[in-house]
>>> print(open('run.cif').read())   # mmCIF, C-alpha atoms
data_input
loop_
_atom_site.label_atom_id
_atom_site.label_comp_id
_atom_site.auth_asym_id
_atom_site.auth_seq_id
_atom_site.Cartn_x
_atom_site.Cartn_y
_atom_site.Cartn_z
CA MET Y 1246 -145.94 141.98 48.43
CA ALA Y 1247 -148.98 142.98 50.50
CA ASP Y 1248 -146.85 144.64 53.17
CA GLU Y 1249 -145.15 146.94 50.63
CA PRO Y 1250 -146.49 150.53 50.48
CA LEU Y 1251 -149.43 151.15 48.16
CA VAL Y 1252 -149.09 154.68 46.80
CA LEU Y 1253 -150.96 156.79 44.25
CA GLY Y 1254 -148.91 159.36 42.35
CA ILE Y 1255 -150.12 162.47 40.48
CA GLU Y 1256 -148.06 164.16 37.75
CA THR Y 1257 -149.09 167.48 36.17
CA SER Y 1258 -145.82 169.31 35.52
CA CYS Y 1259 -146.56 169.95 31.84
CA ASP Y 1260 -149.22 168.70 29.41
CA GLU Y 1261 -149.78 165.15 30.67
CA THR Y 1262 -152.23 164.37 33.46
CA GLY Y 1263 -150.65 161.23 34.85
CA VAL Y 1264 -151.92 159.05 37.69
CA GLY Y 1265 -150.03 155.95 38.72
CA ILE Y 1266 -150.46 153.37 41.46
CA VAL Y 1267 -147.63 151.18 42.68
CA ARG Y 1268 -147.15 148.66 45.44
CA GLY Y 1269 -143.49 148.84 46.39
CA THR Y 1270 -141.71 148.53 43.05
CA THR Y 1271 -144.63 146.83 41.29
CA LEU Y 1272 -146.67 148.93 38.86
CA LEU Y 1273 -150.41 148.37 39.23
CA ALA Y 1274 -151.81 151.22 37.13
CA ASP Y 1275 -150.54 153.97 34.85
CA ALA Y 1276 -153.36 156.19 33.58
CA ILE Y 1277 -152.60 159.19 31.39
CA ALA Y 1278 -154.74 161.92 29.83
CA SER Y 1279 -152.74 163.94 27.32
CA SER Y 1280 -153.54 167.42 26.04
CA VAL Y 1281 -150.81 167.33 23.36
CA ASP Y 1282 -153.33 167.64 20.52
CA GLU Y 1283 -154.64 170.88 22.03
CA HIS Y 1284 -151.13 172.35 21.93
CA ALA Y 1285 -150.14 171.10 18.47
CA ARG Y 1286 -151.66 174.02 16.59
CA PHE Y 1287 -149.53 176.41 18.66
CA GLY Y 1288 -146.31 174.49 17.99
CA GLY Y 1289 -145.64 174.06 21.72
CA VAL Y 1290 -147.22 173.76 25.14
CA VAL Y 1291 -149.46 176.64 26.21
CA PRO Y 1292 -149.44 176.79 30.04
CA GLU Y 1293 -153.03 178.02 30.47
CA VAL Y 1294 -154.36 175.36 28.10
CA ALA Y 1295 -152.41 172.69 30.00
CA SER Y 1296 -153.77 173.84 33.37
CA ARG Y 1297 -157.39 173.75 32.19
CA ALA Y 1298 -156.88 170.32 30.66
CA HIS Y 1299 -155.53 169.02 33.99
CA LEU Y 1300 -158.60 170.35 35.79
CA GLU Y 1301 -160.92 168.50 33.43
CA ALA Y 1302 -158.94 165.25 33.41
CA MET Y 1303 -157.94 164.92 37.06
CA VAL Y 1304 -160.86 163.10 38.70
CA PRO Y 1305 -161.63 160.78 35.75
CA THR Y 1306 -157.95 159.81 35.47
CA ILE Y 1307 -157.68 159.05 39.20
CA GLU Y 1308 -160.82 156.93 39.06
CA ARG Y 1309 -159.49 155.10 35.99
CA ALA Y 1310 -156.20 154.34 37.75
CA LEU Y 1311 -157.95 152.98 40.86
CA LYS Y 1312 -160.13 150.75 38.70
CA GLU Y 1313 -157.16 149.53 36.67
CA ALA Y 1314 -155.22 148.71 39.85
CA GLY Y 1315 -158.21 147.00 41.41
CA VAL Y 1316 -157.85 148.87 44.68
CA SER Y 1317 -159.93 151.27 46.73
CA ALA Y 1318 -158.73 154.77 47.58
CA ARG Y 1319 -159.04 153.80 51.24
CA ASP Y 1320 -156.43 151.06 50.71
CA LEU Y 1321 -153.71 153.59 49.87
CA ASP Y 1322 -150.78 154.13 52.23
CA GLY Y 1323 -150.02 157.56 50.83
CA ILE Y 1324 -150.44 160.02 47.98
CA SER Y 1325 -147.48 161.57 46.18
CA VAL Y 1326 -147.53 164.47 43.75
CA THR Y 1327 -145.08 166.38 41.60
CA ALA Y 1328 -144.41 169.60 43.52
CA GLY Y 1329 -141.91 170.87 40.95
CA PRO Y 1330 -140.20 171.76 38.75
CA GLY Y 1331 -142.66 172.46 35.94
CA LEU Y 1332 -145.30 174.91 34.77
CA ALA Y 1333 -146.61 176.77 37.81
CA GLY Y 1334 -150.30 176.61 36.95
CA ALA Y 1335 -150.15 172.97 35.90
CA LEU Y 1336 -148.30 171.99 39.08
CA LEU Y 1337 -150.86 173.84 41.19
CA VAL Y 1338 -153.69 171.69 39.81
CA GLY Y 1339 -151.90 168.47 40.73
CA VAL Y 1340 -150.80 169.65 44.17
CA SER Y 1341 -154.29 170.88 45.00
CA ALA Y 1342 -155.85 167.60 43.92
CA ALA Y 1343 -153.34 165.57 45.92
CA LYS Y 1344 -154.01 167.64 49.04
CA ALA Y 1345 -157.75 167.17 48.63
CA TYR Y 1346 -157.54 163.39 48.26
CA ALA Y 1347 -154.96 163.00 51.03
CA TYR Y 1348 -156.98 165.13 53.46
CA ALA Y 1349 -160.27 163.43 52.64
CA LEU Y 1350 -158.74 159.97 53.01
CA GLY Y 1351 -156.60 160.73 56.05
CA LYS Y 1352 -153.44 159.66 54.21
CA PRO Y 1353 -149.91 161.13 54.25
CA LEU Y 1354 -149.03 163.55 51.46
CA TYR Y 1355 -145.65 163.53 49.70
CA GLY Y 1356 -144.58 166.39 47.44
CA VAL Y 1357 -141.79 165.00 45.25
CA ASN Y 1358 -139.37 166.26 42.62
CA HIS Y 1359 -140.17 165.69 38.96
CA LEU Y 1360 -136.57 164.93 37.99
CA ALA Y 1361 -135.94 162.54 40.88
CA SER Y 1362 -139.17 160.76 39.89
CA HIS Y 1363 -137.81 160.22 36.37
CA ILE Y 1364 -134.88 158.38 37.95
CA CYS Y 1365 -136.95 156.37 40.41
CA VAL Y 1366 -139.37 155.07 37.77
CA ASP Y 1367 -136.67 152.67 36.56
CA GLN Y 1368 -137.28 150.63 39.72
CA LEU Y 1369 -140.61 149.59 38.22
CA GLU Y 1370 -138.75 148.14 35.23
CA HIS Y 1371 -135.43 146.80 36.55
CA GLY Y 1372 -135.78 146.60 40.33
CA LYS Y 1373 -134.04 148.61 43.04
CA LEU Y 1374 -131.66 151.31 41.87
CA PRO Y 1375 -127.98 150.70 42.57
CA GLU Y 1376 -126.44 153.26 44.89
CA PRO Y 1377 -124.89 155.32 43.48
CA THR Y 1378 -126.53 155.63 40.06
CA MET Y 1379 -125.65 158.10 37.32
CA ALA Y 1380 -128.76 159.40 35.55
CA LEU Y 1381 -129.01 161.15 32.19
CA LEU Y 1382 -132.40 162.88 32.00
CA VAL Y 1383 -133.41 164.32 28.65
CA SER Y 1384 -136.74 165.87 27.71
CA GLY Y 1385 -138.32 169.00 26.29
CA GLY Y 1386 -137.69 170.90 29.51
CA HIS Y 1387 -134.38 169.59 30.80
CA SER Y 1388 -131.13 167.86 29.88
CA SER Y 1389 -129.33 166.86 33.06
CA LEU Y 1390 -126.64 164.55 34.39
CA LEU Y 1391 -127.36 163.61 37.99
CA LEU Y 1392 -125.60 161.42 40.52
CA SER Y 1393 -127.85 159.78 43.10
CA SER Y 1394 -126.60 157.90 46.14
CA ASP Y 1395 -130.09 157.88 47.73
CA ILE Y 1396 -133.04 158.76 45.51
CA THR Y 1397 -135.06 159.99 48.51
CA SER Y 1398 -132.46 162.36 49.92
CA ASP Y 1399 -129.26 162.72 47.89
CA VAL Y 1400 -129.32 163.74 44.22
CA ARG Y 1401 -126.31 165.74 43.04
CA PRO Y 1402 -126.27 167.74 39.77
CA MET Y 1403 -123.25 166.95 37.59
CA GLY Y 1404 -124.25 168.93 34.52
CA ALA Y 1405 -127.22 170.52 32.77
CA THR Y 1406 -128.23 172.35 29.63
CA ILE Y 1407 -127.16 175.98 29.47
CA ASP Y 1408 -129.75 176.85 26.82
CA ASP Y 1409 -132.13 174.65 24.81
CA ALA Y 1410 -132.90 171.22 26.23
CA ALA Y 1411 -132.53 168.28 23.85
CA GLY Y 1412 -136.27 167.76 23.43
CA GLU Y 1413 -136.78 171.46 22.81
CA ALA Y 1414 -134.22 171.30 19.99
CA PHE Y 1415 -136.07 168.35 18.45
CA ASP Y 1416 -139.32 170.33 18.51
CA LYS Y 1417 -137.74 173.41 16.92
CA ILE Y 1418 -136.03 171.51 14.10
CA ALA Y 1419 -139.22 169.57 13.40
CA ARG Y 1420 -141.01 172.90 13.08
CA VAL Y 1421 -138.38 174.20 10.62
CA LEU Y 1422 -138.82 171.01 8.60
CA ASN Y 1423 -142.63 171.36 8.74
CA LEU Y 1424 -142.96 168.00 10.47
CA GLY Y 1425 -145.37 169.11 13.21
CA PHE Y 1426 -145.38 168.84 17.01
CA PRO Y 1427 -144.07 167.10 19.06
CA GLY Y 1428 -140.84 166.80 17.11
CA GLY Y 1429 -139.04 163.93 18.81
CA PRO Y 1430 -141.04 160.95 17.52
CA VAL Y 1431 -141.34 162.20 13.94
CA ILE Y 1432 -137.65 163.07 13.61
CA ASP Y 1433 -136.75 159.65 15.02
CA ARG Y 1434 -138.99 158.07 12.39
CA TYR Y 1435 -137.52 160.03 9.46
CA ALA Y 1436 -133.96 159.54 10.75
CA LYS Y 1437 -134.26 155.77 10.41
CA GLU Y 1438 -134.35 156.25 6.63
CA GLY Y 1439 -131.59 158.86 6.51
CA ASP Y 1440 -127.79 159.00 6.68
CA PRO Y 1441 -126.49 160.21 10.06
CA ASN Y 1442 -123.18 161.13 8.45
CA ALA Y 1443 -124.64 163.06 5.52
CA ILE Y 1444 -124.21 166.48 7.13
CA ALA Y 1445 -121.52 167.46 9.65
CA PHE Y 1446 -123.56 169.38 12.21
CA PRO Y 1447 -121.69 170.79 15.26
CA ARG Y 1448 -121.40 169.14 18.67
CA GLY Y 1449 -121.88 171.78 21.36
CA LEU Y 1450 -119.62 172.08 24.42
CA THR Y 1451 -117.29 169.26 23.40
CA GLY Y 1452 -114.04 171.26 23.26
CA PRO Y 1453 -111.16 170.66 25.69
CA ARG Y 1454 -111.94 173.86 27.61
CA ASP Y 1455 -115.73 173.38 27.70
CA ALA Y 1456 -117.68 172.25 30.78
CA ALA Y 1457 -117.28 168.48 30.88
CA TYR Y 1458 -120.88 167.60 31.73
CA ASP Y 1459 -122.95 170.58 30.57
CA PHE Y 1460 -125.02 170.60 27.38
CA SER Y 1461 -125.77 173.20 24.73
CA PHE Y 1462 -128.09 172.60 21.77
CA SER Y 1463 -128.85 176.18 20.77
CA GLY Y 1464 -125.87 176.40 18.40
CA LEU Y 1465 -126.78 173.07 16.81
CA LYS Y 1466 -130.36 174.20 16.36
CA THR Y 1467 -129.22 177.41 14.65
CA ALA Y 1468 -126.75 175.56 12.42
CA VAL Y 1469 -129.42 173.12 11.23
CA ALA Y 1470 -131.96 175.89 10.63
CA ARG Y 1471 -129.44 177.92 8.58
CA TRP Y 1472 -128.46 174.86 6.56
CA ILE Y 1473 -132.11 174.25 5.70
CA GLU Y 1474 -132.67 177.93 4.91
CA ALA Y 1475 -129.67 177.97 2.54
CA LYS Y 1476 -131.02 174.97 0.65
CA ARG Y 1477 -134.43 176.56 0.27
CA ASN Y 1478 -132.98 179.91 -0.80
CA ALA Y 1479 -131.01 178.10 -3.48
CA GLY Y 1480 -134.22 176.50 -4.75
CA GLU Y 1481 -133.04 173.03 -3.78
CA ASP Y 1482 -135.02 170.29 -2.09
CA VAL Y 1483 -134.27 169.73 1.59
CA PRO Y 1484 -133.31 166.08 2.25
CA VAL Y 1485 -135.56 165.72 5.27
CA ARG Y 1486 -134.43 162.21 6.15
CA ASP Y 1487 -130.72 163.02 6.02
CA VAL Y 1488 -131.21 166.26 7.96
CA SER Y 1489 -133.20 164.40 10.60
CA ALA Y 1490 -130.61 161.64 10.90
CA SER Y 1491 -127.62 164.02 11.01
CA PHE Y 1492 -129.27 166.33 13.53
CA GLN Y 1493 -130.36 163.44 15.73
CA GLU Y 1494 -126.87 161.94 15.62
CA ALA Y 1495 -125.34 165.23 16.76
CA VAL Y 1496 -127.68 165.32 19.77
CA VAL Y 1497 -127.30 161.72 20.92
CA ASP Y 1498 -123.56 161.71 20.30
CA VAL Y 1499 -123.06 164.51 22.81
CA LEU Y 1500 -125.54 163.11 25.34
CA THR Y 1501 -124.05 159.62 25.44
CA ARG Y 1502 -120.44 160.77 25.26
CA LYS Y 1503 -120.81 163.03 28.30
CA ALA Y 1504 -122.86 160.51 30.27
CA VAL Y 1505 -120.29 157.75 29.82
CA ARG Y 1506 -117.49 160.16 30.69
CA ALA Y 1507 -119.27 161.15 33.92
CA CYS Y 1508 -119.65 157.48 34.89
CA LYS Y 1509 -115.94 156.84 34.31
CA ASP Y 1510 -114.84 159.97 36.16
CA GLU Y 1511 -117.02 159.17 39.19
CA GLY Y 1512 -116.33 155.43 39.21
CA VAL Y 1513 -120.02 154.58 38.73
CA ASP Y 1514 -120.82 151.40 36.81
CA HIS Y 1515 -124.53 152.04 36.22
CA LEU Y 1516 -126.12 154.59 33.89
CA MET Y 1517 -129.85 155.23 33.90
CA ILE Y 1518 -131.44 157.23 31.07
CA GLY Y 1519 -134.89 158.80 31.50
CA GLY Y 1520 -137.13 161.59 30.28
CA GLY Y 1521 -139.14 161.83 27.07
CA VAL Y 1522 -136.13 161.85 24.73
CA ALA Y 1523 -135.04 158.52 26.27
CA ALA Y 1524 -137.71 156.99 24.03
CA ASN Y 1525 -135.53 157.91 21.02
CA SER Y 1526 -134.35 154.72 19.33
CA ARG Y 1527 -130.95 156.04 18.28
CA LEU Y 1528 -130.19 157.37 21.77
CA ARG Y 1529 -130.93 153.95 23.23
CA ALA Y 1530 -128.81 152.14 20.65
CA LEU Y 1531 -125.77 154.43 20.91
CA ALA Y 1532 -125.94 154.48 24.72
CA GLN Y 1533 -126.00 150.67 24.77
CA GLU Y 1534 -123.04 150.50 22.41
CA ARG Y 1535 -120.92 152.96 24.38
CA CYS Y 1536 -121.86 151.56 27.78
CA GLU Y 1537 -120.94 148.03 26.73
CA ALA Y 1538 -117.57 149.28 25.47
CA ALA Y 1539 -116.95 151.05 28.79
CA GLY Y 1540 -118.13 148.21 31.04
CA ILE Y 1541 -121.14 150.18 32.27
CA ARG Y 1542 -124.56 148.65 32.84
CA LEU Y 1543 -127.29 150.64 31.08
CA ARG Y 1544 -130.80 150.92 32.52
CA VAL Y 1545 -133.51 152.50 30.35
CA PRO Y 1546 -137.22 152.09 31.16
CA ARG Y 1547 -139.64 151.21 28.39
CA PRO Y 1548 -140.71 154.27 26.35
CA LYS Y 1549 -144.05 154.76 28.11
CA LEU Y 1550 -142.28 155.14 31.45
CA CYS Y 1551 -139.74 157.60 30.01
CA THR Y 1552 -142.30 160.27 29.18
CA ASP Y 1553 -144.09 162.16 31.98
CA ASN Y 1554 -146.40 159.81 33.88
CA GLY Y 1555 -147.96 159.25 37.28
CA ALA Y 1556 -146.18 155.92 37.77
CA MET Y 1557 -142.84 157.65 38.29
CA VAL Y 1558 -144.33 159.92 40.97
CA ALA Y 1559 -145.95 156.95 42.69
CA ALA Y 1560 -142.64 155.04 42.54
CA LEU Y 1561 -140.78 157.82 44.36
CA GLY Y 1562 -143.65 158.23 46.82
CA ALA Y 1563 -143.54 154.52 47.62
CA GLU Y 1564 -139.81 154.79 48.23
CA MET Y 1565 -140.45 157.70 50.62
CA VAL Y 1566 -142.93 155.58 52.58
CA ALA Y 1567 -140.67 152.52 52.56
CA ARG Y 1568 -137.72 154.55 53.92
CA ASN Y 1569 -139.94 156.33 56.45
CA ARG Y 1570 -139.26 159.80 55.04
CA ALA Y 1571 -141.19 162.75 56.45
CA ALA Y 1572 -144.53 163.51 54.82
CA SER Y 1573 -145.29 166.99 53.50
CA ASP Y 1574 -147.37 169.62 55.27
CA TRP Y 1575 -150.77 170.87 54.09
CA ASP Y 1576 -149.16 174.12 52.94
CA LEU Y 1577 -147.04 172.21 50.42
CA PRO Y 1578 -146.35 174.71 47.60
CA ALA Y 1579 -146.21 174.17 43.85
CA ASP Y 1580 -142.62 175.20 43.14
CA SER Y 1581 -141.87 175.69 39.43
CA SER Y 1582 -138.13 175.88 40.14
CA LEU Y 1583 -137.80 173.16 42.79
CA PRO Y 1584 -134.11 172.12 42.71
CA VAL Y 1585 -133.27 168.50 42.04
CA THR Y 1586 -131.22 168.53 45.25
CA ASP Y 1587 -134.63 168.40 46.99
CA PRO Y 1588 -136.02 164.98 45.98
CA HIS Y 1589 -139.05 165.71 48.13
CA VAL Y 1590 -140.54 168.49 50.26
CA PRO Y 1591 -140.80 167.28 53.88
CA GLY Y 1592 -143.00 168.91 56.47
CA LYS Y 1593 -141.52 171.63 58.66
CA SER Y 1594 -141.39 169.28 61.64
CA HIS Y 1595 -139.37 166.73 59.60
CA ALA Y 1596 -141.16 164.05 61.62
CA PRO Y 1597 -141.17 160.45 60.33
CA ALA Y 1598 -144.15 159.62 58.13
CA HIS Y 1599 -145.88 157.40 60.72
CA ASP Y 1600 -145.73 160.19 63.31
CA HIS Y 1601 -147.09 162.88 61.00
CA ASP Y 1602 -150.08 164.43 62.73
CA HIS Y 1603 -152.13 165.20 59.66
CA VAL Y 1604 -152.62 161.50 58.89
CA HIS Y 1605 -154.81 161.22 61.99
CA GLU Y 1606 -156.69 164.48 61.78
CA ILE Y 1607 -159.69 162.85 60.11
CA SER Y 1608 -161.45 159.56 60.66
CA LYS Y 1609 -160.74 156.81 58.11
CA ASP Y 1610 -164.41 156.64 57.09
CA ASN Y 1611 -164.61 160.38 56.56
CA LEU Y 1612 -165.09 162.67 53.60
CA TYR Y 1613 -164.32 160.23 50.80
CA SER Y 1614 -167.06 157.90 49.65
#
>>> encode(input="run.cif", output="structure tokens")
Amino acid sequence: MADEPLVLGIETSCDETGVGIVRGTTLLADAIASSVDEHARFGGVVPEVASRAHLEAMVPTIERALKEAGVSARDLDGISVTAGPGLAGALLVGVSAAKAYAYALGKPLYGVNHLASHICVDQLEHGKLPEPTMALLVSGGHSSLLLSSDITSDVRPMGATIDDAAGEAFDKIARVLNLGFPGGPVIDRYAKEGDPNAIAFPRGLTGPRDAAYDFSFSGLKTAVARWIEAKRNAGEDVPVRDVSASFQEAVVDVLTRKAVRACKDEGVDHLMIGGGVAANSRLRALAQERCEAAGIRLRVPRPKLCTDNGAMVAALGAEMVARNRAASDWDLPADSSLPVTDPHVPGKSHAPAHDHDHVHEISKDNLYS
């Protein structure tokens, strides 16, 4: 294991300051500082608040990860960072920190894609990804079906949300039900005591003429909100548990149905599910049921690895080093709309990592102490 790449990853695409350290596909540390409580009173993430929280948490979280892993910063073989997509200001904090550490340590820098990292993190749980792998990524910012034949260089979009992402819909319905923020965990909890068939909420984009792999949750969100409003206007109690269960069922039904269909259509026998909503218990259960029926092997990381974290960024960075992918240049940008077709941002020279000049610009016993 000692000859496998030791990589530190930094994730700041939204409201979590995540720092992970991996050696190959072995997770050594996963330190997270969350600012979710600071956003709760606003009912959603406030970009400026998130950026300031990242600034305050960055150095302590990196130091905590190094201590947890039992390694020195000088032992690292590289530093990876989420270059996009995400909130521009939040990304900029992470990219700047990664550049500073990489430069001071004389280590290669890898700017990687947030979505590709969500796929790669499964290697820390279940070993090397099969090639190809179908991935269903669901969170507050994205709902995507992706086909990856090489996580470091070839990720192809199959489908995506055309409006609200799944996690965003959870947050909005939780707000209508006065359940607080974030909405996913609390709706999952209430749904366990409700009837998923109590209310027939619509399934978006499931008609014969609709896009086979795209998602739409805006209509569902509106239908649920109007149903709740009608109950309240009539002076009736809103059955929170049944609403939660029926809404959740509508979301996971569409997600799993389309993911399994994509696997069948493409002849792929592995489905990986990631992103924050992948922590949802009903999504996991229904996906397992439908994958077993279709002869598809399901891979879902444990809940902590599904939400945004530094481990997933480190995992993809380690894969970049292992496959000798080109390191990034010092002018690596924070790209809020970085396409998933770019799993990482190589330097302009596209030179192999071991030939990348910036690794040798500074002595090994240099600025970092």
>>> closest_residue(input="run.cif", among="Y:Val1366, Y:Met1403, Y:Ala1349, Y:Leu1300", to="Y:Ala1335", atoms="all atoms listed in the file")
Y:Leu1300
>>> residues_near_point(input="run.cif", point="(-131.8, 174.7, 10.5)", cutoff="10 Å", atoms="only C-alpha atoms", output="VMD selection string")
chain Y and resid 1417 to 1422 1446 1465 to 1476 1488 1492
>>> resolve_selection(input="run.cif", expression="the PyMOL selection byres ((chain Y and resi 1347) around 10)", output="PyMOL selection string")
chain Y and resi 1318+1321-1325+1341-1346+1348-1355+1575+1603-1604+1613
>>> resolve_selection(input="run.cif", expression="the PyMOL selection byres ((chain Y and resi 1271-1284) around 7)", output="compact mmCIF listing (two decimals) with C-alpha atoms, in the coordinates of the input")
# COMPACT_ATOMS: atom_id res chain seq x y z
CA ASP Y 1260 -149.22 168.70 29.41
CA GLU Y 1261 -149.78 165.15 30.67
CA THR Y 1262 -152.23 164.37 33.46
CA GLY Y 1263 -150.65 161.23 34.85
CA VAL Y 1264 -151.92 159.05 37.69
CA GLY Y 1265 -150.03 155.95 38.72
CA ILE Y 1266 -150.46 153.37 41.46
CA VAL Y 1267 -147.63 151.18 42.68
CA ARG Y 1268 -147.15 148.66 45.44
CA GLY Y 1269 -143.49 148.84 46.39
CA THR Y 1270 -141.71 148.53 43.05
CA ALA Y 1285 -150.14 171.10 18.47
CA ARG Y 1286 -151.66 174.02 16.59
CA PHE Y 1287 -149.53 176.41 18.66
CA GLY Y 1288 -146.31 174.49 17.99
CA GLY Y 1289 -145.64 174.06 21.72
CA VAL Y 1290 -147.22 173.76 25.14
CA VAL Y 1291 -149.46 176.64 26.21
CA ALA Y 1295 -152.41 172.69 30.00
CA ALA Y 1298 -156.88 170.32 30.66
CA ALA Y 1302 -158.94 165.25 33.41
CA THR Y 1306 -157.95 159.81 35.47
CA ARG Y 1309 -159.49 155.10 35.99
CA ALA Y 1310 -156.20 154.34 37.75
CA GLU Y 1313 -157.16 149.53 36.67
CA ALA Y 1314 -155.22 148.71 39.85
CA LEU Y 1369 -140.61 149.59 38.22
CA ASN Y 1554 -146.40 159.81 33.88
CA GLY Y 1555 -147.96 159.25 37.28
CA ALA Y 1556 -146.18 155.92 37.77
>>> atom_distance(input="run.cif", atom1="atom CA of Y:Glu1481", atom2="atom CA of Y:Asn1525")
29.2 Å
>>> closest_residue(input="run.cif", among="Y:Arg1527, Y:Arg1454, Y:Gly1480, Y:Val1338", to="Y:Pro1578", atoms="all atoms listed in the file")
Y:Val1338
>>> closest_residue(input="run.cif", among="Y:Pro1453, Y:Gly1521, Y:Pro1441, Y:Pro1447", to="Y:Gly1429", atoms="only C-alpha atoms")
Y:Gly1521
>>> atom_distance(input="run.cif", atom1="atom CA of Y:Val1558", atom2="atom CA of Y:Gly1512")
28.4 Å
>>> closest_residue(input="run.cif", among="Y:Val1294, Y:Leu1374, Y:Leu1391, Y:Ala1495", to="Y:Cys1508", atoms="only C-alpha atoms")
Y:Leu1391
>>> closest_residue(input="run.cif", among="Y:Ala1490, Y:Val1431, Y:Val1585, Y:Leu1531", to="Y:Asp1399", atoms="all atoms listed in the file")
Y:Val1585
>>> residues_around(input="run.cif", residues="Y:Asn1442", least_positions_apart="6", cutoff="9 Å", atoms="all atoms listed in the file", output="short mmCIF file (atom, residue, chain, number, x, y, z; two decimals) with C-alpha atoms, keeping the file's coordinate frame")
data_model
loop_
_atom_site.label_atom_id
_atom_site.label_comp_id
_atom_site.auth_asym_id
_atom_site.auth_seq_id
_atom_site.Cartn_x
_atom_site.Cartn_y
_atom_site.Cartn_z
CA ASP Y 1487 -130.72 163.02 6.02
CA ALA Y 1490 -130.61 161.64 10.90
CA SER Y 1491 -127.62 164.02 11.01
CA GLU Y 1494 -126.87 161.94 15.62
#
>>> closest_residue(input="run.cif", among="Y:Ala1380, Y:Leu1583, Y:Ile1432, Y:Ala1560", to="Y:Thr1397", atoms="all atoms listed in the file")
Y:Ala1560
>>> resolve_selection(input="run.cif", expression="the PyMOL selection byres ((chain Y and resi 1503) around 9)", output="ChimeraX atom specification")
/Y:1390,1451,1457-1460,1498-1502,1504-1508
>>> residues_near_point(input="run.cif", point="(-143.5, 176.3, 33.8)", cutoff="8 Å", atoms="all atoms listed in the file", output="MDAnalysis selection string")
chainID Y and resid 1258:1259 1292 1330:1335 1581
>>> write_last_selection(input="run.cif", atoms="C-alpha atoms", output="PDB file, in the coordinates of the input")
ATOM      1  CA  SER Y1258    -145.820 169.310  35.520  1.00  0.00           C
ATOM      2  CA  CYS Y1259    -146.560 169.950  31.840  1.00  0.00           C
ATOM      3  CA  PRO Y1292    -149.440 176.790  30.040  1.00  0.00           C
ATOM      4  CA  PRO Y1330    -140.200 171.760  38.750  1.00  0.00           C
ATOM      5  CA  GLY Y1331    -142.660 172.460  35.940  1.00  0.00           C
ATOM      6  CA  LEU Y1332    -145.300 174.910  34.770  1.00  0.00           C
ATOM      7  CA  ALA Y1333    -146.610 176.770  37.810  1.00  0.00           C
ATOM      8  CA  GLY Y1334    -150.300 176.610  36.950  1.00  0.00           C
ATOM      9  CA  ALA Y1335    -150.150 172.970  35.900  1.00  0.00           C
ATOM     10  CA  SER Y1581    -141.870 175.690  39.430  1.00  0.00           C
TER      11      SER Y1581
END
